[in-house]
Structures are given as C-alpha cells and as structure tokens.
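Here's the structure, in structure tokens; my notes come after.
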Amino acid sequence: MTVYGDAMSAAPHKRVLLKLSGESFARQGERGISMDEIVHIARQTVQAVARGVELAVVIGGGNILRGGSFTAGNAAIQEATAHYMGMLATVINGLALQDALESLGAQTRLMTAIRMDGVAEPYIRRRARRHLEKGRIVILAAGTGSPFVTTDTAAAQRALELGADILMKATRVDGVYSDDPEKNPHAVLYRELSYQQVREQNLRVMDATAISQCMEHRMPILVFNYRRDGNIERAVAGDRIGTLIGSPEVVAAGA
C-alpha cells in the first residue's frame with residue numbers, strides 16, 4: 001500500500017474515505033450551517049478529486065445536534081431518540097454539501113443509512129462502490145443507521161466496506177497532539193503514531209471502536225487540518241501533512 005507519494009503526481013491512493021465533523025460546516029465557535037465554510041470544503045474536495053481519486057465522505061452533525069449529549073439533564077428525550085435526531089442532522093449537512101459540490105461542477109450521490117427516498121439514495125454497499133468507480137463523490141449520511149454509534153465508527157466501517165486505501169479525518173488542528181493545542185501551547189504534534197500508541201496514550205483522535213476496527217483491518221488513518229486552504233488536496237496527493245496512524249510498517253513507510 002502506498003502511503004505517501006510525489007505531491008506533483010496523481011494521487012497515491014485510488015480510493016479515500018474522508019471524515020468531516022459537523023463542526024466543519026459552521027464558523028468556529030458557532031452552531032448551524034455556514035455555506036461559506038461548506039463551499040470552502042467543497043472547493044478543496046473538487047480539487048482533490050481532479051487528481052483521479054475516488055472519494056467517499058462521511059459527515060457528522062454536531063453543528064446542528066449531537067445526539068450523545070442532547071439528553072443531558074433532559075429526561076423527556078430517550079437517548080436512542082436523541083441519536084436518531086443526530087443522524088438526521090448529518091443528512092441536513094449532506095444536502096448542503098451536495099449542492100455546494102454540484103455548484104462547482106462535481107457529480108455526487110447522497111446516500112443515507114436511514115431510508116428517506118425523497119431526498120437521498122439508500123446506502124447499499126455495491127451501489128456506493130459503483131458510484132465511486134464512475135467518478136462520483138459519494139456523501140454518506142446518517143452514520144451507520146443505528147443509535148449509540150459515532151460517525152467516527154461509521155467512517156471506519158464505511159472505509160472498510162468500500163475498500164478505501166486510507167481513512168482521512170479532517171480536523172481544525174494540524175494533527176494529533178500530546179494535549180489539546182487550543183488549550184496547551186506546549187502540546188507536541190506527532191507526525192506518526194501506531195494504533196497501539198493512540199490507545200495506550202488515550203489520544204483523542206477517534207473513538208475507541210473506530211481505532212480498534214482500523215487496527216484489526218490495518219486501515220491507515222491520516223489526521224490533518226482542513227482549515228488550511230488546499231490541505232484536502234495535499235492529503236490526497238500524499239504530501240507530508242498531519243499525523244499518520246497505522247501499523248508499524250505503514251508508519252515506517254511514511255517516515
């Protein structure tokens with residue numbers, strides 16, 4: 001598996017799963033949807049796909065509603081219901097991203113793990129793979145369709161199902177740090193990590209289930225800063241950005 005390549009050549013990965021948090025759809029520190037932010041992401045995404053990569057995108061919904069925390073102090077809403085509400089929030093984000101991408105000339109398909117045929121296709125693995133083969137950007141919403149499962153785990157699951165070469169997680173910081181860099185200016189940025197190091201140091205990258213799935217199936221993870229213009233394209237191109245997480249030989253190949 002090629003992990004890093006020449007940034008001026010075609011993408012070193014044939015198929016990529018990009019994980020976008022719901023917070024990336026809003027201005028920093030705000031909630032809701034900012035089309036300026038979404039168009040910024042869409043423009044970078046279109047540039048990345050122009051390199052020939054097949055791209056699927058899993059999106060979160062935390063900018064609208066985070067199901068896992070919505071029930072705190074609110075006994076009127078069952079936790080499972082809150083999770084379903086959070087899944088619907090990801091569909092709203094998916095619709096916004098789809099229109100932003102298509103306004104830039106991209107071909108897309110929005111697929112959801114919960115059936116809502118009036119606005120999106122149902123997620124069917126073989127159909128999603130076929131869309132990717134045809135060069136369409138596939139937006140995957142509603143997580144896994146089940147409560148008590150994060151969109152990080154959904155991203156790991158879809159990356160494995162669709163045969164992605166790498167899972168790329170876009171964040172608002174430059175990669176994985178020893179501590180929260182927004183609170184601790186002395187936090188150290190890691191360039192390479194093994195799955196075991198992530199687990200042993202309890203680093204806040206993705207939830208434990210997602211890390212375990214990637215570790216079991218040797219799916220590399222790249223964590224990088226999407227807010228730096230052009231970084232999505234650089235990540236796809238194989239530029240040395242962010243933090244690479246993988247098995248020891250994958251980490252060594254990226255060193």
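Residue numbering restarts at 1 in every chain; chains get A, B, ... in the order shown in the structure tokens, and ligands count up from 1 in that same order.
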Practice prompt. Name the residues in contact with A:Arg115 at a cut-off of 12 Å, using only C-alpha atoms, excluding same-chain residues fewer than 3 positions from it; report them as a list in words.
Written response: Met87, Leu88, Val91, Leu110, Met111, Thr112, Gly118, Val119, Ala120, Glu121, Pro122, Tyr123, Ile124, Ala141, Ala142, Thr144 and Gly145 of chain A
Kindly save the residues from that selection, with N, CA and C atoms included, as a compact mmCIF listing (two decimals), in the first residue's frame.
# COMPACT_ATOMS: atom_id res chain seq x y z
N MET A 87 -28.51 11.69 13.73
CA MET A 87 -28.34 11.12 12.39
C MET A 87 -29.04 11.98 11.34
N LEU A 88 -30.23 12.46 11.67
CA LEU A 88 -30.95 13.32 10.73
C LEU A 88 -30.20 14.63 10.49
N VAL A 91 -27.83 14.33 7.70
CA VAL A 91 -28.46 14.38 6.37
C VAL A 91 -28.63 15.83 5.92
N LEU A 110 -25.81 11.44 -2.75
CA LEU A 110 -26.02 11.45 -1.31
C LEU A 110 -26.72 10.15 -0.94
N MET A 111 -26.10 9.39 -0.04
CA MET A 111 -26.65 8.11 0.38
C MET A 111 -26.82 8.12 1.90
N THR A 112 -27.92 7.56 2.37
CA THR A 112 -28.20 7.58 3.80
C THR A 112 -28.42 6.17 4.34
N GLY A 118 -37.08 10.42 -0.66
CA GLY A 118 -37.39 11.70 -1.29
C GLY A 118 -36.21 12.63 -1.42
N VAL A 119 -35.15 12.39 -0.62
CA VAL A 119 -34.00 13.31 -0.64
C VAL A 119 -32.67 12.64 -0.92
N ALA A 120 -32.59 11.32 -0.79
CA ALA A 120 -31.31 10.65 -0.96
C ALA A 120 -31.51 9.18 -1.30
N GLU A 121 -30.47 8.56 -1.82
CA GLU A 121 -30.49 7.12 -2.08
C GLU A 121 -30.22 6.36 -0.79
N PRO A 122 -30.79 5.17 -0.65
CA PRO A 122 -30.41 4.34 0.50
C PRO A 122 -28.98 3.85 0.31
N TYR A 123 -28.25 3.73 1.42
CA TYR A 123 -26.88 3.23 1.33
C TYR A 123 -26.90 1.73 1.03
N ILE A 124 -26.36 1.36 -0.10
CA ILE A 124 -26.15 -0.04 -0.49
C ILE A 124 -24.69 -0.13 -0.91
N ALA A 141 -24.41 9.76 4.75
CA ALA A 141 -25.04 10.42 5.90
C ALA A 141 -25.79 9.41 6.76
N ALA A 142 -26.21 9.87 7.93
CA ALA A 142 -26.97 9.09 8.91
C ALA A 142 -26.14 8.01 9.59
N THR A 144 -24.25 4.94 10.81
CA THR A 144 -24.49 3.54 10.45
C THR A 144 -25.98 3.21 10.40
N GLY A 145 -26.81 4.18 10.80
CA GLY A 145 -28.24 3.93 10.87
C GLY A 145 -28.69 3.38 12.20
Worksheet entry | In stretch 10-227 of chain A, DSSP alpha helix (DSSP H) residues written as JSON, numbers by chain | {"A": [35, 36, 37, 38, 39, 40, 41, 42, 43, 44, 45, 46, 47, 48, 49, 67, 68, 69, 70, 79, 80, 81, 82, 83, 84, 85, 86, 87, 88, 89, 90, 91, 92, 93, 94, 95, 96, 97, 98, 99, 100, 101, 102, 103, 125, 126, 127, 128, 129, 130, 131, 132, 133, 151, 152, 153, 154, 155, 156, 157, 158, 159, 160, 161, 195, 196, 197, 198, 199, 200, 208, 209, 210, 211, 212, 213, 214, 215, 216, 217]}
Worksheet entry | Near-A:Gln107 list (8 Å; only C-alpha atoms; drop same-chain fewer than 2 positions) as number ranges by chain | A: 101-102, 105, 109, 135-137
Worksheet item: So which one's closest to A:Asp179, A:Arg43, A:His83, A:Arg204, A:Arg191? Using only C-alpha atoms, please.
Response: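 Under the stated criterion, the closest residue is A:Arg204.
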Worksheet item: From the set A:Val49, A:Ala128, A:Leu17, A:Ala76, which residue has the shortest atom-to-atom contact distance to A:Ala155, counting only C-alpha atoms?
Response: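 Among A:Val49, A:Ala128, A:Leu17, A:Ala76, it is A:Leu17 that comes nearest to A:Ala155.
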Closest atom pairs, residues of stretch 80-141 of chain A within 12 Å of stretch 159-168 of chain A, only C-alpha atoms, as CSV:
residue,atom,partner,partner_atom,distance
A:Tyr123,CA,A:Leu162,CA,11.4
A:Ile124,CA,A:Glu161,CA,10.3
A:Arg125,CA,A:Leu162,CA,6.8
A:Arg126,CA,A:Leu162,CA,8.3
A:Arg127,CA,A:Leu162,CA,10.1
A:Ala128,CA,A:Leu162,CA,7.6
A:Arg129,CA,A:Leu162,CA,6.1
A:Arg130,CA,A:Leu162,CA,9.9
A:His131,CA,A:Leu162,CA,10.9
A:Leu132,CA,A:Leu162,CA,9.1
A:Glu133,CA,A:Leu162,CA,10.8
A:Val138,CA,A:Leu162,CA,10.9
A:Leu140,CA,A:Ala159,CA,10.9
Output the selection as a CSV table (one decimal), in the first residue's frame - N, CA and C atoms for each residue.
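Full text of out22.csv as output:
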chain,number,residue,atom,x,y,z
A,123,TYR,N,-28.2,3.7,1.4
A,123,TYR,CA,-26.9,3.2,1.3
A,123,TYR,C,-26.9,1.7,1.0
A,124,ILE,N,-26.4,1.4,-0.1
A,124,ILE,CA,-26.2,0.0,-0.5
A,124,ILE,C,-24.7,-0.1,-0.9
A,125,ARG,N,-24.0,-1.0,-0.3
A,125,ARG,CA,-22.5,-1.0,-0.5
A,125,ARG,C,-22.1,-1.2,-1.9
A,126,ARG,N,-22.7,-2.1,-2.7
A,126,ARG,CA,-22.3,-2.3,-4.1
A,126,ARG,C,-22.7,-1.1,-4.9
A,127,ARG,N,-23.8,-0.5,-4.6
A,127,ARG,CA,-24.2,0.7,-5.4
A,127,ARG,C,-23.2,1.9,-5.1
A,128,ALA,N,-22.8,2.0,-3.8
A,128,ALA,CA,-21.9,3.1,-3.5
A,128,ALA,C,-20.5,2.8,-4.2
A,129,ARG,N,-20.1,1.6,-4.2
A,129,ARG,CA,-18.8,1.3,-4.9
A,129,ARG,C,-18.9,1.6,-6.4
A,130,ARG,N,-20.1,1.4,-7.0
A,130,ARG,CA,-20.3,1.6,-8.4
A,130,ARG,C,-20.2,3.1,-8.7
A,131,HIS,N,-20.9,3.9,-7.8
A,131,HIS,CA,-20.8,5.4,-7.9
A,131,HIS,C,-19.4,5.9,-7.9
A,132,LEU,N,-18.6,5.3,-7.0
A,132,LEU,CA,-17.2,5.7,-6.9
A,132,LEU,C,-16.4,5.4,-8.1
A,133,GLU,N,-16.7,4.2,-8.7
A,133,GLU,CA,-16.0,3.8,-9.9
A,133,GLU,C,-16.3,4.7,-11.1
A,138,VAL,N,-19.3,10.4,-3.3
A,138,VAL,CA,-20.4,9.8,-2.6
A,138,VAL,C,-20.4,10.3,-1.2
A,140,LEU,N,-22.0,10.2,2.5
A,140,LEU,CA,-22.6,9.1,3.3
A,140,LEU,C,-23.1,9.8,4.6
Worksheet entry | Residue nearest A:Gly238 among A:Glu79, A:Arg51, A:Val198, A:Ile33 (counting only C-alpha atoms) |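 Nearest candidate to A:Gly238 out of A:Glu79, A:Arg51, A:Val198, A:Ile33: A:Arg51.
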Fill in: Spatial neighbours of stretch 172-175 of chain A, 7 Å, only C-alpha atoms, chain gap at least 6 places, as a list in words
Leu189, Val223, Phe224, Asn225, Tyr226, Arg227, Gly242 and Thr243 of chain A
Item to complete: Might you pull out every residue within 8 Å of A:Val236, with only C-alpha atoms counted and same-chain residues fewer than 6 positions away left off, and present them as a VMD selection string?
Response: chain A and resid 11 to 13 16 48 53
Please dump the current selection as a CSV table (one decimal), in the first residue's frame; keep N, CA and C atoms.
chain,number,residue,atom,x,y,z
A,11,ALA,N,-2.8,11.2,-7.5
A,11,ALA,CA,-3.0,10.7,-6.1
A,11,ALA,C,-2.4,9.3,-5.9
A,12,PRO,N,-1.7,9.1,-4.8
A,12,PRO,CA,-1.1,7.8,-4.5
A,12,PRO,C,-2.2,6.8,-4.0
A,13,HIS,N,-3.4,7.3,-3.7
A,13,HIS,CA,-4.4,6.4,-3.2
A,13,HIS,C,-5.5,6.3,-4.3
A,16,VAL,N,-10.4,6.9,-1.3
A,16,VAL,CA,-10.2,7.6,0.0
A,16,VAL,C,-11.6,7.8,0.7
A,48,ALA,N,-9.2,17.9,-5.1
A,48,ALA,CA,-8.6,16.6,-4.7
A,48,ALA,C,-9.1,15.5,-5.7
A,53,VAL,N,-8.7,10.5,-7.7
A,53,VAL,CA,-9.0,9.7,-6.6
A,53,VAL,C,-10.5,9.5,-6.6
Worksheet item: Do you know which residues are at most 10 Å from A:Val205 counting only C-alpha atoms, after dropping those on the same chain fewer than 6 positions away, and could you put them as a PyMOL selection string?
Response: chain A and resi 152+169+171+175-177+198-199+211+221+223+245
Selected residues, C-alpha atoms, written as a PDB file, in the first residue's frame, please.
ATOM      1  CA  ASP A 152     -16.142   8.143  13.582  1.00  0.00           C
ATOM      2  CA  LYS A 169     -10.022  12.664   9.214  1.00  0.00           C
ATOM      3  CA  THR A 171      -9.923  18.484  11.842  1.00  0.00           C
ATOM      4  CA  GLY A 175      -2.870  16.627  13.500  1.00  0.00           C
ATOM      5  CA  VAL A 176      -2.695  14.594  16.703  1.00  0.00           C
ATOM      6  CA  TYR A 177      -1.104  16.343  19.692  1.00  0.00           C
ATOM      7  CA  VAL A 198      -3.070   6.005  20.272  1.00  0.00           C
ATOM      8  CA  ARG A 199      -4.804   3.541  22.571  1.00  0.00           C
ATOM      9  CA  ILE A 211      -9.468   2.824  16.234  1.00  0.00           C
ATOM     10  CA  ILE A 221      -5.636   6.954   9.269  1.00  0.00           C
ATOM     11  CA  VAL A 223      -5.465  13.284  10.676  1.00  0.00           C
ATOM     12  CA  ILE A 245      -1.632   6.428  12.222  1.00  0.00           C
TER      13      ILE A 245
END
